[in-house]
$ cat protein.txt   # compact mmCIF, C-alpha atoms
# COMPACT_ATOMS: atom_id res chain seq x y z
CA MET W 1489 21.97 -41.81 20.47
CA SER W 1490 21.66 -44.73 22.90
CA ILE W 1491 18.43 -46.40 24.01
CA GLU W 1492 19.29 -45.41 27.58
CA LEU W 1493 19.48 -41.74 26.62
CA LEU W 1494 16.17 -41.97 24.79
CA THR W 1495 14.47 -43.45 27.85
CA ARG W 1496 16.04 -41.05 30.31
CA ALA W 1497 15.50 -37.87 28.30
CA PRO W 1498 11.70 -37.65 28.67
CA ILE W 1499 11.94 -38.14 32.44
CA ALA W 1500 14.34 -35.23 32.70
CA LEU W 1501 12.48 -32.99 30.26
CA LEU W 1502 8.85 -33.67 31.06
CA PRO W 1503 8.59 -31.64 34.30
CA VAL W 1504 9.76 -28.40 32.73
CA LEU W 1505 7.44 -28.82 29.76
CA LEU W 1506 4.57 -29.41 32.20
CA PHE W 1507 5.58 -26.29 34.10
CA LEU W 1508 5.48 -24.32 30.83
CA VAL W 1509 2.00 -25.67 30.08
CA GLY W 1510 0.96 -24.64 33.61
CA LEU W 1511 2.14 -21.08 32.97
CA VAL W 1512 0.18 -20.92 29.73
CA GLN W 1513 -2.91 -22.06 31.62
CA LEU W 1514 -2.40 -19.26 34.15
CA ASP W 1515 -2.53 -16.76 31.27
CA GLY W 1516 -6.26 -16.13 31.22
CA TYR W 1517 -6.00 -13.70 28.30
CA LYS W 1518 -4.03 -16.10 26.07
CA LEU W 1519 -1.46 -13.44 25.34
CA VAL W 1520 1.19 -15.79 23.96
CA ARG W 1521 -0.01 -17.88 21.02
CA MET W 1522 1.19 -21.45 20.46
CA ARG W 1523 3.19 -20.58 17.32
CA MET W 1524 5.05 -17.86 19.19
CA MET W 1525 5.64 -20.26 22.09
CA LEU W 1526 7.25 -22.88 19.86
CA LEU W 1527 9.38 -20.18 18.22
CA LEU W 1528 10.56 -19.01 21.63
CA VAL W 1529 11.44 -22.54 22.76
CA ALA W 1530 13.41 -23.02 19.51
CA THR W 1531 15.21 -19.71 20.05
CA GLY W 1532 16.11 -20.77 23.58
CA ALA W 1533 17.57 -23.98 22.16
CA LEU W 1534 19.65 -21.93 19.71
CA ALA W 1535 20.83 -19.73 22.58
CA ALA W 1536 22.00 -22.88 24.38
CA GLY W 1537 24.02 -23.88 21.32
CA ALA W 1538 25.59 -20.43 21.15
CA SER W 1539 26.26 -20.56 24.87
CA TYR W 1540 28.12 -23.87 24.47
CA VAL W 1541 30.45 -22.28 21.91
CA LEU W 1542 30.95 -19.05 23.85
CA ASN W 1543 31.50 -20.82 27.17
CA ASN W 1544 34.15 -23.04 25.60
CA LEU W 1545 35.92 -20.00 24.15
CA ALA W 1546 35.69 -18.03 27.39
CA PHE W 1547 36.80 -20.95 29.59
CA ALA W 1548 39.87 -21.46 27.39
CA HIS W 1549 41.00 -17.97 28.46
CA PHE W 1550 39.86 -18.29 32.08
CA HIS W 1551 42.47 -18.81 34.78
CA GLY W 1552 40.52 -20.64 37.44
CA SER W 1553 38.55 -23.79 38.19
CA ILE W 1554 35.41 -24.90 36.38
CA VAL W 1555 33.47 -24.39 39.62
CA THR W 1556 34.53 -20.75 39.86
CA TYR W 1557 33.82 -20.30 36.16
CA SER W 1558 30.33 -21.77 36.50
CA ARG W 1559 29.55 -19.46 39.40
CA TYR W 1560 30.88 -16.14 38.13
CA VAL W 1561 31.24 -16.24 34.33
CA SER W 1562 28.83 -18.66 32.68
CA PRO W 1563 25.70 -17.13 34.27
CA TRP W 1564 26.51 -13.80 32.57
CA ILE W 1565 26.98 -15.44 29.18
CA GLU W 1566 23.90 -17.66 29.42
CA GLU W 1567 21.54 -15.03 30.83
CA SER W 1568 22.71 -12.46 28.26
CA LEU W 1569 22.07 -14.87 25.40
CA LYS W 1570 18.61 -15.69 26.71
CA ALA W 1571 17.96 -11.96 27.08
CA LEU W 1572 18.71 -11.18 23.42
CA LEU W 1573 15.34 -12.22 22.03
CA LEU W 1574 13.55 -10.80 25.06
CA VAL W 1575 15.10 -7.41 24.29
CA PHE W 1576 13.64 -7.60 20.80
CA LEU W 1577 10.20 -8.70 22.04
CA ILE W 1578 10.00 -6.04 24.73
CA ARG W 1579 11.44 -3.17 22.68
CA THR W 1580 9.12 -3.88 19.74
CA ARG W 1581 6.16 -4.26 22.15
CA ARG W 1582 5.42 -7.82 21.04
CA VAL W 1583 5.02 -8.49 24.73
CA GLY W 1584 3.39 -5.81 26.84
CA LEU W 1585 2.63 -7.23 30.27
CA PRO W 1586 4.49 -9.11 32.98
CA VAL W 1587 2.37 -12.18 32.17
CA ASP W 1588 3.30 -12.54 28.51
CA ALA W 1589 6.85 -11.36 29.18
CA GLY W 1590 7.17 -14.02 31.89
CA ILE W 1591 5.77 -16.76 29.65
CA ALA W 1592 8.04 -15.68 26.79
CA GLY W 1593 11.03 -15.72 29.15
CA PHE W 1594 10.13 -19.11 30.56
CA ALA W 1595 9.66 -20.55 27.06
CA ILE W 1596 13.13 -19.34 26.02
CA GLY W 1597 14.58 -20.77 29.24
CA THR W 1598 12.80 -24.06 28.58
CA GLY W 1599 14.35 -24.35 25.12
CA PHE W 1600 17.73 -23.55 26.63
CA ALA W 1601 17.31 -26.14 29.39
CA VAL W 1602 16.12 -28.86 27.02
CA VAL W 1603 19.35 -28.63 25.00
CA GLU W 1604 21.53 -28.31 28.10
CA ASN W 1605 19.88 -31.32 29.76
CA LEU W 1606 20.21 -33.43 26.63
CA TYR W 1607 23.88 -32.45 26.50
CA TYR W 1608 24.42 -33.51 30.13
CA LEU W 1609 22.53 -36.75 29.62
CA ALA W 1610 24.70 -37.56 26.61
CA ALA W 1611 27.96 -36.38 28.21
CA ARG W 1612 27.44 -38.24 31.51
CA PRO W 1613 25.46 -41.35 30.65
CA HIS W 1614 26.55 -43.29 33.71
CA THR W 1615 25.31 -40.83 36.32
CA VAL W 1616 22.58 -42.26 38.57
CA LEU W 1617 19.16 -41.66 36.99
CA ALA W 1618 17.75 -39.98 40.10
CA VAL W 1619 20.57 -37.43 40.12
CA GLN W 1620 20.10 -36.75 36.42
CA VAL W 1621 16.38 -36.24 36.86
CA ILE W 1622 16.76 -33.98 39.90
CA ARG W 1623 19.52 -32.00 38.25
CA GLY W 1624 17.68 -31.80 34.97
CA PHE W 1625 14.49 -30.64 36.60
CA GLY W 1626 16.23 -28.06 38.80
CA THR W 1627 18.29 -26.71 35.92
CA ALA W 1628 15.27 -26.46 33.68
CA ILE W 1629 13.16 -24.57 36.22
CA MET W 1630 16.14 -22.35 37.01
CA HIS W 1631 16.73 -21.47 33.31
CA GLY W 1632 13.06 -20.85 32.71
CA GLY W 1633 12.62 -18.93 35.96
CA THR W 1634 15.62 -16.62 35.57
CA ALA W 1635 14.62 -15.72 31.99
CA ALA W 1636 11.03 -15.16 33.14
CA ILE W 1637 12.16 -12.88 35.97
CA LEU W 1638 14.51 -10.97 33.64
CA ALA W 1639 11.62 -10.51 31.21
CA MET W 1640 9.10 -9.45 33.84
CA ILE W 1641 11.41 -6.89 35.48
CA SER W 1642 12.50 -5.46 32.11
CA ASN W 1643 8.95 -5.30 30.85
CA THR W 1644 7.83 -3.45 33.98
CA LEU W 1645 10.61 -0.90 33.57
CA TYR W 1646 9.85 -0.38 29.85
CA GLU W 1647 6.16 -0.04 30.70
CA ARG W 1648 7.08 2.99 32.81
CA ARG W 1649 9.48 4.39 30.20
CA PRO W 1650 8.54 3.02 26.75
CA SER W 1651 11.34 4.94 25.00
CA GLY W 1652 13.97 4.08 27.64
CA GLY W 1653 17.41 2.80 26.59
CA LEU W 1654 19.04 -0.60 26.92
CA HIS W 1655 20.17 0.23 30.44
CA LEU W 1656 16.63 -0.61 31.61
CA LEU W 1657 17.49 -4.27 30.99
CA LEU W 1658 20.30 -4.17 33.55
CA PRO W 1659 18.24 -4.71 36.75
CA GLY W 1660 16.51 -7.74 35.25
CA LEU W 1661 19.81 -9.14 33.98
CA LEU W 1662 21.43 -8.64 37.38
CA ALA W 1663 18.55 -10.44 39.12
CA ALA W 1664 18.73 -13.34 36.65
CA VAL W 1665 22.51 -13.65 36.97
CA ALA W 1666 22.29 -13.49 40.78
CA LEU W 1667 19.71 -16.30 40.88
CA HIS W 1668 21.70 -18.35 38.37
CA THR W 1669 24.90 -17.88 40.40
CA GLY W 1670 23.05 -18.84 43.57
CA TYR W 1671 21.78 -21.99 41.89
CA ASN W 1672 25.27 -22.90 40.66
CA TYR W 1673 26.59 -22.41 44.22
CA LEU W 1674 24.16 -25.05 45.43
CA LEU W 1675 24.83 -27.35 42.50
CA VAL W 1676 27.32 -29.41 44.49
CA ARG W 1677 24.17 -30.76 46.14
CA PRO W 1678 21.71 -31.11 43.25
CA ALA W 1679 18.75 -32.11 45.43
CA LEU W 1680 19.17 -28.97 47.57
CA ALA W 1681 19.56 -26.76 44.48
CA THR W 1682 16.42 -28.23 42.93
CA LEU W 1683 14.46 -27.92 46.17
CA ALA W 1684 15.48 -24.27 46.60
CA THR W 1685 14.57 -23.53 42.97
CA LEU W 1686 11.21 -25.25 43.32
CA LEU W 1687 10.40 -23.40 46.51
CA VAL W 1688 11.34 -19.92 45.31
CA LEU W 1689 10.85 -19.48 41.56
CA PRO W 1690 7.36 -20.87 40.96
CA PHE W 1691 6.08 -18.92 43.97
CA VAL W 1692 7.59 -15.65 42.71
CA ILE W 1693 6.29 -16.25 39.20
CA TYR W 1694 2.80 -17.05 40.50
CA LEU W 1695 2.71 -13.85 42.55
CA VAL W 1696 3.80 -11.77 39.57
CA PHE W 1697 1.23 -13.44 37.31
CA ASP W 1698 -1.55 -12.86 39.80
CA HIS W 1699 -0.58 -9.21 40.22
CA SER W 1700 -0.24 -8.73 36.45
CA ASP W 1701 -3.65 -10.27 35.84
CA ARG W 1702 -5.25 -7.78 38.19
CA ILE W 1703 -3.36 -4.89 36.57
CA LEU W 1704 -4.52 -5.98 33.13
CA ARG W 1705 -8.12 -6.32 34.25
CA ASP W 1706 -8.13 -2.88 35.87
CA TRP W 1707 -6.40 -1.35 32.85
CA ILE W 1708 -8.92 -2.83 30.42
CA GLU W 1709 -11.83 -1.49 32.45
CA ALA W 1710 -10.45 1.99 33.04
CA ASP W 1711 -8.95 2.49 29.60
CA LEU W 1712 -11.84 1.02 27.66
CA ASP W 1713 -14.19 3.44 29.36
CA THR W 1714 -11.84 6.34 28.61
CA ASP W 1715 -11.59 5.32 24.95
CA MET W 1716 -15.35 4.95 24.65
CA LYS W 1717 -16.01 8.29 26.31
CA ARG W 1718 -13.57 9.88 23.87
CA LEU W 1719 -15.36 8.27 20.92
CA GLU W 1720 -18.69 9.41 22.35
CA ALA W 1721 -17.40 12.97 22.73
CA ILE W 1722 -15.96 13.07 19.20
CA SER W 1723 -19.12 11.53 17.68
CA THR W 1724 -21.48 13.89 19.49
CA GLY W 1725 -19.37 16.98 18.82
CA THR W 1726 -18.67 17.71 22.48
CA PHE W 1727 -14.99 16.77 22.37
CA LEU W 1728 -13.73 20.33 21.78
CA ASP W 1729 -15.48 21.47 24.97
CA SER W 1730 -13.73 18.83 27.07
CA PRO W 1731 -10.32 19.40 28.74
CA SER W 1732 -8.71 17.23 26.01
CA GLY W 1733 -10.45 19.23 23.32
CA ARG W 1734 -9.34 22.50 24.85
CA TYR W 1735 -5.78 21.20 24.94
CA LEU W 1736 -6.03 20.33 21.25
CA GLN W 1737 -7.34 23.80 20.45
CA ALA W 1738 -4.47 25.33 22.38
CA LEU W 1739 -2.11 23.69 19.87
CA ARG W 1740 -3.49 25.99 17.15
CA GLU W 1741 -0.64 28.44 17.69
CA ARG W 1742 1.97 25.80 16.86
CA PHE W 1743 0.29 23.63 14.20
CA LYS W 1744 -1.58 24.30 10.94
CA GLY W 1745 -5.34 23.80 10.73
CA GLU W 1746 -5.11 20.62 8.61
CA GLN W 1747 -2.63 19.13 11.08
CA LEU W 1748 -5.08 19.74 13.92
CA VAL W 1749 -7.81 18.01 11.91
CA ASP W 1750 -5.44 15.07 11.36
CA MET W 1751 -4.73 15.02 15.09
CA LEU W 1752 -8.43 14.83 15.90
CA CYS W 1753 -8.85 12.02 13.34
CA TYR W 1754 -5.83 10.29 14.86
CA LEU W 1755 -7.38 10.40 18.34
CA ARG W 1756 -10.61 8.95 16.96
CA VAL W 1757 -8.97 6.14 14.97
CA HIS W 1758 -6.62 5.30 17.84
CA ALA W 1759 -9.53 5.14 20.28
CA GLU W 1760 -11.49 2.87 17.88
CA LEU W 1761 -8.56 0.49 17.53
CA ALA W 1762 -7.89 0.55 21.27
CA VAL W 1763 -11.54 -0.38 21.92
CA ARG W 1764 -11.25 -3.20 19.39
CA ALA W 1765 -8.06 -4.53 21.03
CA LYS W 1766 -9.55 -4.45 24.51
CA GLY W 1767 -12.73 -6.10 23.23
CA LEU W 1768 -10.48 -8.89 21.94
CA LEU W 1769 -8.95 -9.28 25.40
CA LEU W 1770 -12.41 -9.41 27.00
CA LEU W 1771 -13.43 -12.18 24.59
CA ARG W 1772 -10.25 -14.13 25.35
CA GLU W 1773 -10.84 -13.70 29.07
CA SER W 1774 -14.23 -15.35 28.55
CA GLY W 1775 -12.67 -18.23 26.66
CA MET W 1776 -14.01 -17.07 23.29
CA PRO W 1777 -11.97 -17.46 20.11
CA ASP W 1778 -10.49 -14.39 18.44
CA PRO W 1779 -12.80 -12.92 15.81
CA PRO W 1780 -11.04 -12.59 12.44
CA LEU W 1781 -9.54 -9.19 11.67
CA ASP W 1782 -11.98 -7.64 9.21
CA ASP W 1783 -11.32 -5.21 6.36
CA GLU W 1784 -12.53 -2.30 8.45
CA ALA W 1785 -9.93 -2.96 11.15
CA ARG W 1786 -7.20 -3.34 8.54
CA GLY W 1787 -8.33 -0.08 6.98
CA ARG W 1788 -8.21 1.66 10.35
CA LEU W 1789 -4.68 0.37 11.02
CA ALA W 1790 -3.57 1.69 7.62
CA GLU W 1791 -5.31 5.00 8.30
CA LEU W 1792 -3.54 5.27 11.65
CA GLY W 1793 -0.17 4.87 9.91
CA GLN W 1794 -1.05 7.51 7.32
CA LEU W 1795 -2.18 9.94 10.01
CA GLU W 1796 1.02 9.37 11.99
CA ARG W 1797 3.06 10.29 8.93
CA ALA W 1798 0.91 13.36 8.25
CA ILE W 1799 1.12 14.57 11.85
CA GLY W 1800 4.85 13.94 12.19
CA GLN W 1801 6.97 13.24 15.25
CA THR W 1802 6.47 16.74 16.70
CA GLY W 1803 2.72 16.46 16.39
CA LEU W 1804 2.70 13.01 17.99
CA LEU W 1805 4.79 14.35 20.87
CA ALA W 1806 2.29 17.18 21.29
CA LEU W 1807 -0.52 14.58 21.50
CA ARG W 1808 1.21 12.55 24.19
CA PRO W 1809 -0.65 14.15 27.11
CA LEU W 1810 -3.88 12.94 25.49
CA MET W 1811 -2.66 9.50 24.50
CA MET W 1812 -1.39 8.04 27.79
CA ALA W 1813 1.56 6.66 25.78
CA THR W 1814 2.43 3.87 28.18
CA GLY W 1815 3.87 0.59 26.98
CA LYS W 1816 0.46 -1.09 27.19
CA GLU W 1817 -1.11 1.61 24.99
CA ILE W 1818 1.44 0.86 22.29
CA TRP W 1819 1.35 -2.91 22.85
CA GLN W 1820 -2.42 -3.27 22.55
CA LEU W 1821 -2.36 -2.41 18.84
CA THR W 1822 0.02 -5.31 18.19
CA LEU W 1823 -2.90 -7.56 19.20
CA LEU W 1824 -4.56 -6.38 15.99
CA GLY W 1825 -1.53 -7.28 13.91
CA ARG W 1826 0.16 -3.90 13.88
CA MET L 112 -29.41 3.16 35.36
CA HIS L 113 -32.41 0.93 35.85
CA LEU L 114 -34.24 -1.92 34.15
CA GLN L 115 -37.81 -3.05 33.44
CA VAL L 116 -38.60 -6.70 32.84
CA ALA L 117 -41.69 -7.76 30.88
CA ASP L 118 -43.03 -11.06 29.57
CA ALA L 119 -42.84 -11.06 25.76
CA GLY L 120 -44.81 -14.32 25.46
CA ASN L 121 -43.76 -17.86 24.56
CA GLY L 122 -41.37 -17.96 27.49
CA VAL L 123 -39.34 -14.97 26.29
CA LEU L 124 -38.43 -12.09 28.58
CA ASN L 125 -38.05 -8.55 27.28
CA VAL L 126 -35.72 -6.37 29.35
CA LEU L 127 -35.62 -2.63 28.84
CA LEU L 128 -32.42 -0.97 30.08
CA ILE L 129 -32.49 2.78 30.73
CA GLY L 130 -29.45 4.98 31.31
CA ARG L 131 -25.68 4.68 30.95
CA LEU L 132 -24.07 1.24 31.08
CA ASP L 133 -20.84 2.53 32.59
CA THR L 134 -19.24 0.99 35.70
CA PRO L 135 -21.64 2.60 38.24
CA GLY L 136 -24.59 1.76 36.01
CA VAL L 137 -23.57 -1.88 35.69
CA ASP L 138 -23.01 -2.08 39.46
CA ARG L 139 -26.60 -0.95 39.94
CA ILE L 140 -28.29 -3.52 37.68
CA GLU L 141 -25.94 -6.48 37.17
CA THR L 142 -27.05 -8.58 40.15
CA GLN L 143 -30.73 -7.98 39.47
CA LEU L 144 -30.42 -8.67 35.74
CA THR L 145 -28.37 -11.82 36.27
CA ALA L 146 -30.82 -13.09 38.90
CA GLN L 147 -33.75 -12.53 36.52
CA LEU L 148 -32.20 -14.34 33.57
CA VAL L 149 -29.53 -16.86 34.47
CA PRO L 150 -30.94 -19.22 37.15
CA ARG L 151 -33.92 -20.14 34.95
CA GLY L 152 -31.88 -20.22 31.74
CA VAL L 153 -34.44 -18.04 29.98
CA ARG L 154 -34.57 -16.74 26.43
CA ALA L 155 -34.25 -12.97 26.74
CA MET L 156 -34.14 -9.97 24.47
CA ILE L 157 -32.58 -6.81 25.82
CA ASP L 158 -33.83 -3.45 24.55
CA LEU L 159 -30.89 -1.04 24.35
CA SER L 160 -32.80 1.84 22.75
CA GLN L 161 -32.57 3.91 25.93
CA VAL L 162 -28.96 3.10 26.73
CA THR L 163 -26.88 6.17 25.93
CA PHE L 164 -23.41 4.79 26.71
CA MET L 165 -21.84 1.36 26.96
CA GLY L 166 -18.56 0.89 28.83
CA SER L 167 -16.32 -2.06 29.61
CA GLY L 168 -18.54 -3.16 32.50
CA GLY L 169 -21.53 -3.44 30.15
CA ILE L 170 -19.60 -5.52 27.64
CA ARG L 171 -18.26 -7.84 30.32
CA MET L 172 -21.75 -8.19 31.85
CA PHE L 173 -23.32 -9.22 28.53
CA ILE L 174 -20.52 -11.69 27.78
CA THR L 175 -20.92 -13.27 31.22
CA ILE L 176 -24.71 -13.48 31.02
CA ALA L 177 -24.66 -14.81 27.43
CA ARG L 178 -22.20 -17.56 28.39
CA ALA L 179 -24.14 -18.50 31.51
CA LEU L 180 -27.43 -18.61 29.57
CA GLY L 181 -25.79 -20.67 26.82
CA ARG L 182 -24.75 -23.29 29.39
CA LYS L 183 -28.31 -23.49 30.72
CA GLY L 184 -29.97 -23.70 27.31
CA GLY L 185 -31.15 -20.07 27.33
CA LYS L 186 -30.41 -17.34 24.83
CA LEU L 187 -29.63 -13.63 24.86
CA VAL L 188 -30.32 -11.16 22.05
CA LEU L 189 -29.64 -7.43 22.09
CA TYR L 190 -31.61 -4.97 19.98
CA GLY L 191 -32.43 -1.36 19.26
CA ALA L 192 -29.02 0.07 20.13
CA GLN L 193 -28.41 3.74 19.42
CA PRO L 194 -25.70 4.38 16.79
CA LEU L 195 -22.92 5.04 19.31
CA VAL L 196 -23.71 1.93 21.35
CA ALA L 197 -24.13 -0.12 18.15
CA ASP L 198 -20.63 1.00 17.12
CA VAL L 199 -19.27 -0.20 20.46
CA LEU L 200 -20.98 -3.60 20.07
CA GLN L 201 -19.45 -3.99 16.64
CA THR L 202 -16.00 -2.60 17.45
CA THR L 203 -15.54 -4.85 20.47
CA SER L 204 -16.83 -7.85 18.45
CA LEU L 205 -19.49 -8.45 21.10
CA ASN L 206 -21.90 -8.97 18.20
CA ASP L 207 -19.87 -12.08 17.30
CA ILE L 208 -20.99 -13.89 20.44
CA VAL L 209 -24.28 -12.18 21.30
CA PRO L 210 -26.76 -11.65 18.44
CA VAL L 211 -27.49 -7.96 17.90
CA ARG L 212 -30.62 -6.95 15.99
CA SER L 213 -31.96 -3.60 14.87
CA ASP L 214 -35.50 -3.89 16.25
CA ALA L 215 -37.81 -5.87 18.53
CA SER L 216 -39.38 -8.04 15.81
CA ALA L 217 -36.00 -9.16 14.46
CA ALA L 218 -34.80 -9.82 18.02
CA ALA L 219 -37.94 -11.85 18.80
CA ALA L 220 -37.44 -13.96 15.68
CA THR L 221 -33.82 -14.65 16.65
CA VAL L 222 -34.49 -15.43 20.30
CA ARG L 223 -37.34 -17.82 19.40
CA GLY L 224 -35.54 -19.37 16.44
$ encode --input "protein.txt" --output "structure tokens"
Amino acid sequence: MSIELLTRAPIALLPVLLFLVGLVQLDGYKLVRMRMMLLLVATGALAAGASYVLNNLAFAHFHGSIVTYSRYVSPWIEESLKALLLVFLIRTRRVGLPVDAGIAGFAIGTGFAVVENLYYLAARPHTVLAVQVIRGFGTAIMHGGTAAILAMISNTLYERRPSGGLHLLLPGLLAAVALHTGYNYLLVRPALATLATLLVLPFVIYLVFDHSDRILRDWIEADLDTDMKRLEAISTGTFLDSPSGRYLQALRERFKGEQLVDMLCYLRVHAELAVRAKGLLLLRESGMPDPPLDDEARGRLAELGQLERAIGQTGLLALRPLMMATGKEIWQLTLLGR
Amino acid sequence: MHLQVADAGNGVLNVLLIGRLDTPGVDRIETQLTAQLVPRGVRAMIDLSQVTFMGSGGIRMFITIARALGRKGGKLVLYGAQPLVADVLQTTSLNDIVPVRSDASAAAATVRG
């Protein structure tokens, strides 16, 4: 590695890393932890390596120019590779909101862009520094931005349909590929491509973050109150007289008595854990550190798992009208290490 | 929801909250409570014995007031919570950042200590 490359690399890489730090600062609830962030950047770098191999293989069988290839083929390969880990994160509810999905996507894109920029710096060492910087910056923001948009759109769709299939990823992938293709169209004029990227992507990401922050705040308030009222009703023995309680009693015809007792316990334990998770978010919002997960919380998580097994899939489906089984409801328990 | 503020001596305020600390309840008292405690950075103990429910608004209000008082050299202590409210304080980990005591004498010792 030459001295010139070592001096040029930070100039080309610094802006995107700063942009990533900026995104993390916008995340008032600290939803993506530093360890996860570094893992995502590393995964993005691996995706770039895989993309290099796949693009070489695909281009060998492509009958057209490199320009055409870069506009219509490589965006599909690169965006799909970046999407792989996002699929896992979203489907397993390790991210649950547009904010953390967007940060996760941008981190993966950053890792991808770091490797790609280093490759270009090494492959074209004699290009004018200004062009390398502009191109490097634009490419990095583009890779981070497209992955962030893919993640945010997919997360929103899975939030509406938590058990939806892989087809829900398609709109996000199409948007990412379209933006990537658009960027590659402009790449003949790197300054224009970078300017367009800088004008559009950060603005879109900021709007989504702002909207997501408000959604999260409203959700915490409304849902925390619902969970607490449920706990109050169960503790004071008035739950069975409430509409939810009457619904539970109506299940008597289809489920055994002990299953109904387990269902009531399940609602109580779930509400307790949900309150704990939202309390954690409120503390983070105030800049407080996370309290350690105590034995009681661990016990409750284990109890929840046991109750789920005792109730069975049919019983859990029957409880759905009472559980508001949205993506966020499932995601919140992952905050407690589930 | 309403509140009564009394001087507990030695520069400590005792605030009795009465009613449900849900969103409408918090809307009713938050400005008044904040104005009583925060600008002067007082040491205050809040009597929760007549609070029958605590919602998200109540938790957020106490976190905000405790932080603001901390910056101004004041202190906030909660005490006397009914079992259900005490459970909420513990479950949400609010008791990690705002001291919660069982009775007035323990709260007074903490707020003066």
$ closest_atom_pairs --input "protein.txt" --of "chain W" --to "chain L" --cutoff "9 Å" --atoms "all atoms listed in the file" --output "JSON lines"
{"residue": "W:Ile1708", "atom": "CA", "partner": "L:Ser167", "partner_atom": "CA", "distance": 7.5}
{"residue": "W:Glu1709", "atom": "CA", "partner": "L:Ser167", "partner_atom": "CA", "distance": 5.3}
{"residue": "W:Ala1710", "atom": "CA", "partner": "L:Ser167", "partner_atom": "CA", "distance": 7.9}
{"residue": "W:Asp1711", "atom": "CA", "partner": "L:Ser167", "partner_atom": "CA", "distance": 8.7}
{"residue": "W:Leu1712", "atom": "CA", "partner": "L:Ser167", "partner_atom": "CA", "distance": 5.8}
{"residue": "W:Asp1713", "atom": "CA", "partner": "L:Gly166", "partner_atom": "CA", "distance": 5.1}
{"residue": "W:Thr1714", "atom": "CA", "partner": "L:Gly166", "partner_atom": "CA", "distance": 8.7}
{"residue": "W:Met1716", "atom": "CA", "partner": "L:Gly166", "partner_atom": "CA", "distance": 6.7}
{"residue": "W:Lys1717", "atom": "CA", "partner": "L:Phe164", "partner_atom": "CA", "distance": 8.2}
{"residue": "W:Leu1719", "atom": "CA", "partner": "L:Leu195", "partner_atom": "CA", "distance": 8.4}
{"residue": "W:Glu1720", "atom": "CA", "partner": "L:Leu195", "partner_atom": "CA", "distance": 6.8}
{"residue": "W:Ser1723", "atom": "CA", "partner": "L:Leu195", "partner_atom": "CA", "distance": 7.7}
{"residue": "W:Thr1724", "atom": "CA", "partner": "L:Leu195", "partner_atom": "CA", "distance": 9.0}
{"residue": "W:Glu1760", "atom": "CA", "partner": "L:Thr202", "partner_atom": "CA", "distance": 7.1}
{"residue": "W:Leu1761", "atom": "CA", "partner": "L:Thr202", "partner_atom": "CA", "distance": 8.1}
{"residue": "W:Val1763", "atom": "CA", "partner": "L:Thr203", "partner_atom": "CA", "distance": 6.2}
{"residue": "W:Arg1764", "atom": "CA", "partner": "L:Thr203", "partner_atom": "CA", "distance": 4.7}
{"residue": "W:Ala1765", "atom": "CA", "partner": "L:Thr203", "partner_atom": "CA", "distance": 7.5}
{"residue": "W:Lys1766", "atom": "CA", "partner": "L:Thr203", "partner_atom": "CA", "distance": 7.2}
{"residue": "W:Gly1767", "atom": "CA", "partner": "L:Thr203", "partner_atom": "CA", "distance": 4.1}
{"residue": "W:Leu1768", "atom": "CA", "partner": "L:Thr203", "partner_atom": "CA", "distance": 6.6}
{"residue": "W:Leu1770", "atom": "CA", "partner": "L:Arg171", "partner_atom": "CA", "distance": 6.9}
{"residue": "W:Leu1771", "atom": "CA", "partner": "L:Ile174", "partner_atom": "CA", "distance": 7.8}
{"residue": "W:Ser1774", "atom": "CA", "partner": "L:Ile174", "partner_atom": "CA", "distance": 7.3}
{"residue": "W:Met1776", "atom": "CA", "partner": "L:Ile208", "partner_atom": "CA", "distance": 8.2}
{"residue": "W:Pro1779", "atom": "CA", "partner": "L:Ser204", "partner_atom": "CA", "distance": 7.0}
{"residue": "W:Ala1785", "atom": "CA", "partner": "L:Thr202", "partner_atom": "CA", "distance": 8.8}
$ residues_near_point --input "protein.txt" --point "(-2.8, -9.6, 36.8)" --cutoff "12 Å" --atoms "all atoms listed in the file" --output "ChimeraX atom specification"
/W:1514-1517,1585-1588,1590,1693-1708,1773
$ residues_around --input "protein.txt" --residues "L:Tyr190" --least-positions-apart "2" --cutoff "8 Å" --atoms "all atoms listed in the file" --output "MDAnalysis selection string"
chainID L and resid 156:160 188 192 211:215 218
$ axis_aligned_box --input "protein.txt" --around "stretch 197-215 of chain L" --padding-each-side "8 Å" --output "AutoDock Vina command-line options"
--center_x -26.7 --center_y -6.4 --center_z 18.1 --size_x 38.3 --size_y 30.9 --size_z 22.4
$ atom_distance --input "protein.txt" --atom1 "atom CA of W:Gly1632" --atom2 "atom CA of W:Asn1543"
19.3 Å
$ residues_around --input "protein.txt" --residues "W:Ile1554" --least-positions-apart "6" --cutoff "12 Å" --atoms "only C-alpha atoms" --output "list in words"
Asn1543, Asn1544, Ala1546, Phe1547, Ala1548, Tyr1560, Val1561, Ser1562 and Asn1672 of chain W
